[in-house]
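Everything below belongs to protein12.csv, which stores CSV, C-alpha atoms.
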chain,number,residue,atom,x,y,z
Q,1,MET,CA,27.5,4.1,2.6
Q,2,SER,CA,27.8,0.7,4.3
Q,3,ILE,CA,24.8,-0.9,6.1
Q,4,PRO,CA,25.5,-4.3,7.6
Q,5,CYS,CA,22.5,-6.7,7.1
Q,6,ASP,CA,21.7,-10.3,6.5
Q,7,ILE,CA,19.2,-9.6,3.7
Q,8,ALA,CA,18.8,-6.6,1.4
Q,9,ILE,CA,15.6,-6.3,-0.6
Q,10,ILE,CA,15.4,-4.0,-3.5
Q,11,GLY,CA,11.8,-2.9,-3.8
Q,12,GLY,CA,9.2,-2.4,-1.1
Q,13,GLY,CA,6.1,-3.6,-2.9
Q,14,ILE,CA,4.0,-6.5,-1.7
Q,15,ALA,CA,6.7,-9.1,-2.4
Q,16,GLY,CA,9.5,-7.1,-0.9
Q,17,TYR,CA,7.8,-6.1,2.3
Q,18,THR,CA,6.3,-9.6,2.8
Q,19,ALA,CA,9.8,-11.2,2.3
Q,20,ALA,CA,11.3,-8.6,4.7
Q,21,ILE,CA,8.8,-9.4,7.4
Q,22,ARG,CA,9.3,-13.1,7.1
Q,23,ALA,CA,13.1,-12.7,7.2
Q,24,ALA,CA,12.8,-10.5,10.2
Q,25,GLN,CA,10.6,-13.0,12.0
Q,26,ALA,CA,13.3,-15.6,11.3
Q,27,GLY,CA,15.8,-13.3,13.2
Q,28,LYS,CA,17.5,-11.7,10.2
Q,29,LYS,CA,18.7,-8.1,10.0
Q,30,VAL,CA,16.8,-6.8,7.0
Q,31,VAL,CA,17.1,-3.7,4.8
Q,32,ILE,CA,14.6,-2.6,2.1
Q,33,ILE,CA,15.7,-0.2,-0.6
Q,34,GLU,CA,12.6,1.6,-2.0
Q,35,LYS,CA,12.7,4.4,-4.6
Q,36,GLU,CA,9.2,5.7,-3.9
Q,37,LYS,CA,6.8,4.7,-1.1
Q,38,LEU,CA,6.7,1.4,0.9
Q,39,GLY,CA,3.8,-0.6,-0.6
Q,40,GLY,CA,4.7,-0.1,-4.2
Q,41,THR,CA,2.5,0.4,-7.1
Q,42,CYS,CA,-0.2,-1.9,-5.8
Q,43,LEU,CA,-0.9,0.1,-2.7
Q,44,HIS,CA,-0.4,3.6,-4.1
Q,45,LYS,CA,-1.4,3.6,-7.7
Q,46,GLY,CA,-2.9,0.2,-8.7
Q,47,CYS,CA,-4.8,-2.5,-6.8
Q,48,ILE,CA,-5.9,-0.7,-3.7
Q,49,PRO,CA,-6.9,2.6,-5.2
Q,50,SER,CA,-8.8,0.9,-8.0
Q,51,LYS,CA,-10.6,-1.4,-5.6
Q,52,ALA,CA,-11.6,1.5,-3.4
Q,53,LEU,CA,-13.0,3.3,-6.5
Q,54,LEU,CA,-14.8,0.1,-7.7
Q,55,ARG,CA,-16.4,-0.3,-4.3
Q,56,SER,CA,-17.8,3.2,-4.5
Q,57,ALA,CA,-19.2,2.5,-8.0
Q,58,GLU,CA,-20.8,-0.8,-6.6
Q,59,ILE,CA,-22.5,1.1,-3.8
Q,60,TYR,CA,-23.8,3.7,-6.3
Q,61,SER,CA,-25.1,1.1,-8.6
Q,62,THR,CA,-26.8,-0.7,-5.7
Q,63,LEU,CA,-28.5,2.5,-4.6
Q,64,LEU,CA,-29.7,3.2,-8.1
Q,65,ASN,CA,-31.4,-0.2,-8.0
Q,66,ALA,CA,-32.4,-0.1,-4.3
Q,67,ASP,CA,-36.1,-0.7,-5.2
Q,68,THR,CA,-35.0,-4.2,-6.4
Q,69,TYR,CA,-34.2,-4.9,-2.7
Q,70,GLY,CA,-37.4,-3.3,-1.4
Q,71,ILE,CA,-35.7,0.0,-0.4
Q,72,LYS,CA,-37.1,3.3,-1.5
Q,73,VAL,CA,-34.7,6.2,-2.1
Q,74,ALA,CA,-36.3,9.5,-1.5
Q,75,GLU,CA,-37.3,11.1,-4.8
Q,76,GLY,CA,-34.6,9.0,-6.6
Q,77,ALA,CA,-31.9,11.5,-5.6
Q,78,VAL,CA,-28.8,9.4,-5.7
Q,79,THR,CA,-25.7,11.4,-6.7
Q,80,VAL,CA,-22.0,10.9,-6.7
Q,81,ASP,CA,-19.7,13.2,-4.6
Q,82,PHE,CA,-16.5,12.5,-6.6
Q,83,PRO,CA,-14.3,14.5,-4.2
Q,84,GLY,CA,-15.7,12.4,-1.4
Q,85,VAL,CA,-15.0,9.2,-3.4
Q,86,GLN,CA,-11.4,10.3,-3.9
Q,87,GLN,CA,-11.1,11.3,-0.2
Q,88,ARG,CA,-12.2,7.8,0.8
Q,89,LYS,CA,-9.8,6.2,-1.6
Q,90,GLU,CA,-6.9,8.3,-0.2
Q,91,GLN,CA,-7.9,7.5,3.4
Q,92,THR,CA,-7.9,3.8,2.6
Q,93,VAL,CA,-4.4,4.0,1.0
Q,94,GLU,CA,-3.0,6.1,3.8
Q,95,GLN,CA,-4.4,3.8,6.5
Q,96,LEU,CA,-2.7,0.8,4.8
Q,97,TYR,CA,0.5,2.7,4.3
Q,98,LYS,CA,0.7,3.6,8.0
Q,99,GLY,CA,0.0,0.0,8.8
Q,100,LEU,CA,3.0,-1.1,6.7
Q,101,GLN,CA,5.2,1.6,8.3
Q,102,TYR,CA,4.2,0.2,11.7
Q,103,LEU,CA,5.1,-3.4,10.7
Q,104,MET,CA,8.5,-2.2,9.5
Q,105,ARG,CA,9.2,-0.6,12.9
Q,106,LYS,CA,7.8,-3.5,14.8
Q,107,HIS,CA,10.1,-5.9,13.0
Q,108,LYS,CA,13.1,-3.5,13.1
Q,109,ILE,CA,13.4,-3.4,9.3
Q,110,THR,CA,15.4,-0.6,7.9
Q,111,ILE,CA,14.0,1.3,4.9
Q,112,ILE,CA,16.4,3.2,2.6
Q,113,SER,CA,14.9,5.7,0.3
Q,114,GLY,CA,16.4,5.3,-3.2
Q,115,ALA,CA,17.2,2.7,-5.8
Q,116,GLY,CA,19.7,-0.1,-5.5
Q,117,ARG,CA,21.7,-2.5,-7.6
Q,118,VAL,CA,23.5,-5.8,-7.2
Q,119,ILE,CA,27.2,-5.4,-7.8
Q,120,GLY,CA,28.4,-8.8,-6.7
Q,121,PRO,CA,27.3,-12.2,-5.2
Q,122,SER,CA,26.7,-10.6,-1.7
Q,123,ILE,CA,27.2,-6.9,-2.3
Q,124,PHE,CA,24.7,-4.4,-3.3
Q,125,SER,CA,24.8,-0.6,-3.6
Q,126,PRO,CA,22.0,1.8,-2.8
Q,127,ARG,CA,22.0,4.9,-4.9
Q,128,SER,CA,19.9,8.0,-5.0
Q,129,GLY,CA,17.2,8.7,-7.6

Could you show the structure in this file as structure tokens?
Amino acid sequence: MSIPCDIAIIGGGIAGYTAAIRAAQAGKKVVIIEKEKLGGTCLHKGCIPSKALLRSAEIYSTLLNADTYGIKVAEGAVTVDFPGVQQRKEQTVEQLYKGLQYLMRKHKITIISGAGRVIGPSIFSPRSG
């Protein structure tokens, strides 16, 4: 499979998609090869999901100590709806993922699903799995 491009980026994590956008803004034809989902580990498994969970924990902790702020919680009934926490986390990740997909379309960046390897000074090869 041959795809003509000016720049091929292996990996669609934060560094990959940022470089792709900058290159596209400079007028280059860009291809990203990504074996999982655009956004990489940070968006789907690491940074973003953990920050969403931490924010829920912060809110819970603040509510448990609401009286410190002069706020009364009725009968002290503050509970965690963990499925709701998980749903919020997934919605956050999905919203950011859709935003990335939009940016790729906007900048006409081609996304190839699979892995890639460099096989020469200016030649690379995408491969499945």

Practice task
Skip region 34-48 of chain Q itself and residues of its chain fewer than 2 positions away, then list as number ranges by chain all residues within 9 Å of it, counting all atoms listed in the file.
Solution key: Q: 9-14, 16-17, 32, 50-53, 89-90, 92-94, 96-97, 100-101, 111-116, 128-129

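Atom to atom, CA of Gly70 (chain Q) and CA of Phe82 (chain Q) stand 26.7 Å apart.
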
Practice task
For region 2-6 of chain Q, please output as an NGL selection string all residues within 7 Å (counting only C-alpha atoms; exclusion window: fewer than 6 positions along the same chain).
Solution key: :Q and (28-31)

Handout entry: Atomic separation - CA of Ala57 (chain Q) relative to CA of Lys72 (chain Q), Å
Key = 19.1 Å

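Remark: for Gln91 (chain Q), the closest of the candidate residues Q:Leu103, Q:Glu58, Q:Pro49, Q:Tyr69 is Q:Pro49 (distances computed over only C-alpha atoms).
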
Completion exercise
The distance between CA of His107 (chain Q) and CA of Ala24 (chain Q) is 6.0 Å

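Each of Q:Val118, Q:Ala20, Q:Ile33, Q:Leu54 was compared to Gln86 (chain Q) using all atoms listed in the file, and Q:Leu54 turns out to be the nearest.
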
Problem - Protein and nucleic acid residues near (-24.7, 11.2, -7.3) (cut-off 10 Å, only C-alpha atoms) as a list in words - result: Tyr60, Leu63, Leu64, Ala77, Val78, Thr79, Val80, Asp81 and Phe82 of chain Q

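Distance annotation: of Q:Gln87, Q:Ser61, Q:Lys98, Q:Ile109, the residue with the minimal separation from Arg22 (chain Q) is Q:Ile109; atom set is all atoms listed in the file.
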
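Closest approach to Met104 (chain Q) among Q:Asp67, Q:Glu75, Q:Ile21, Q:Ala8: Q:Ile21, based on all atoms listed in the file.
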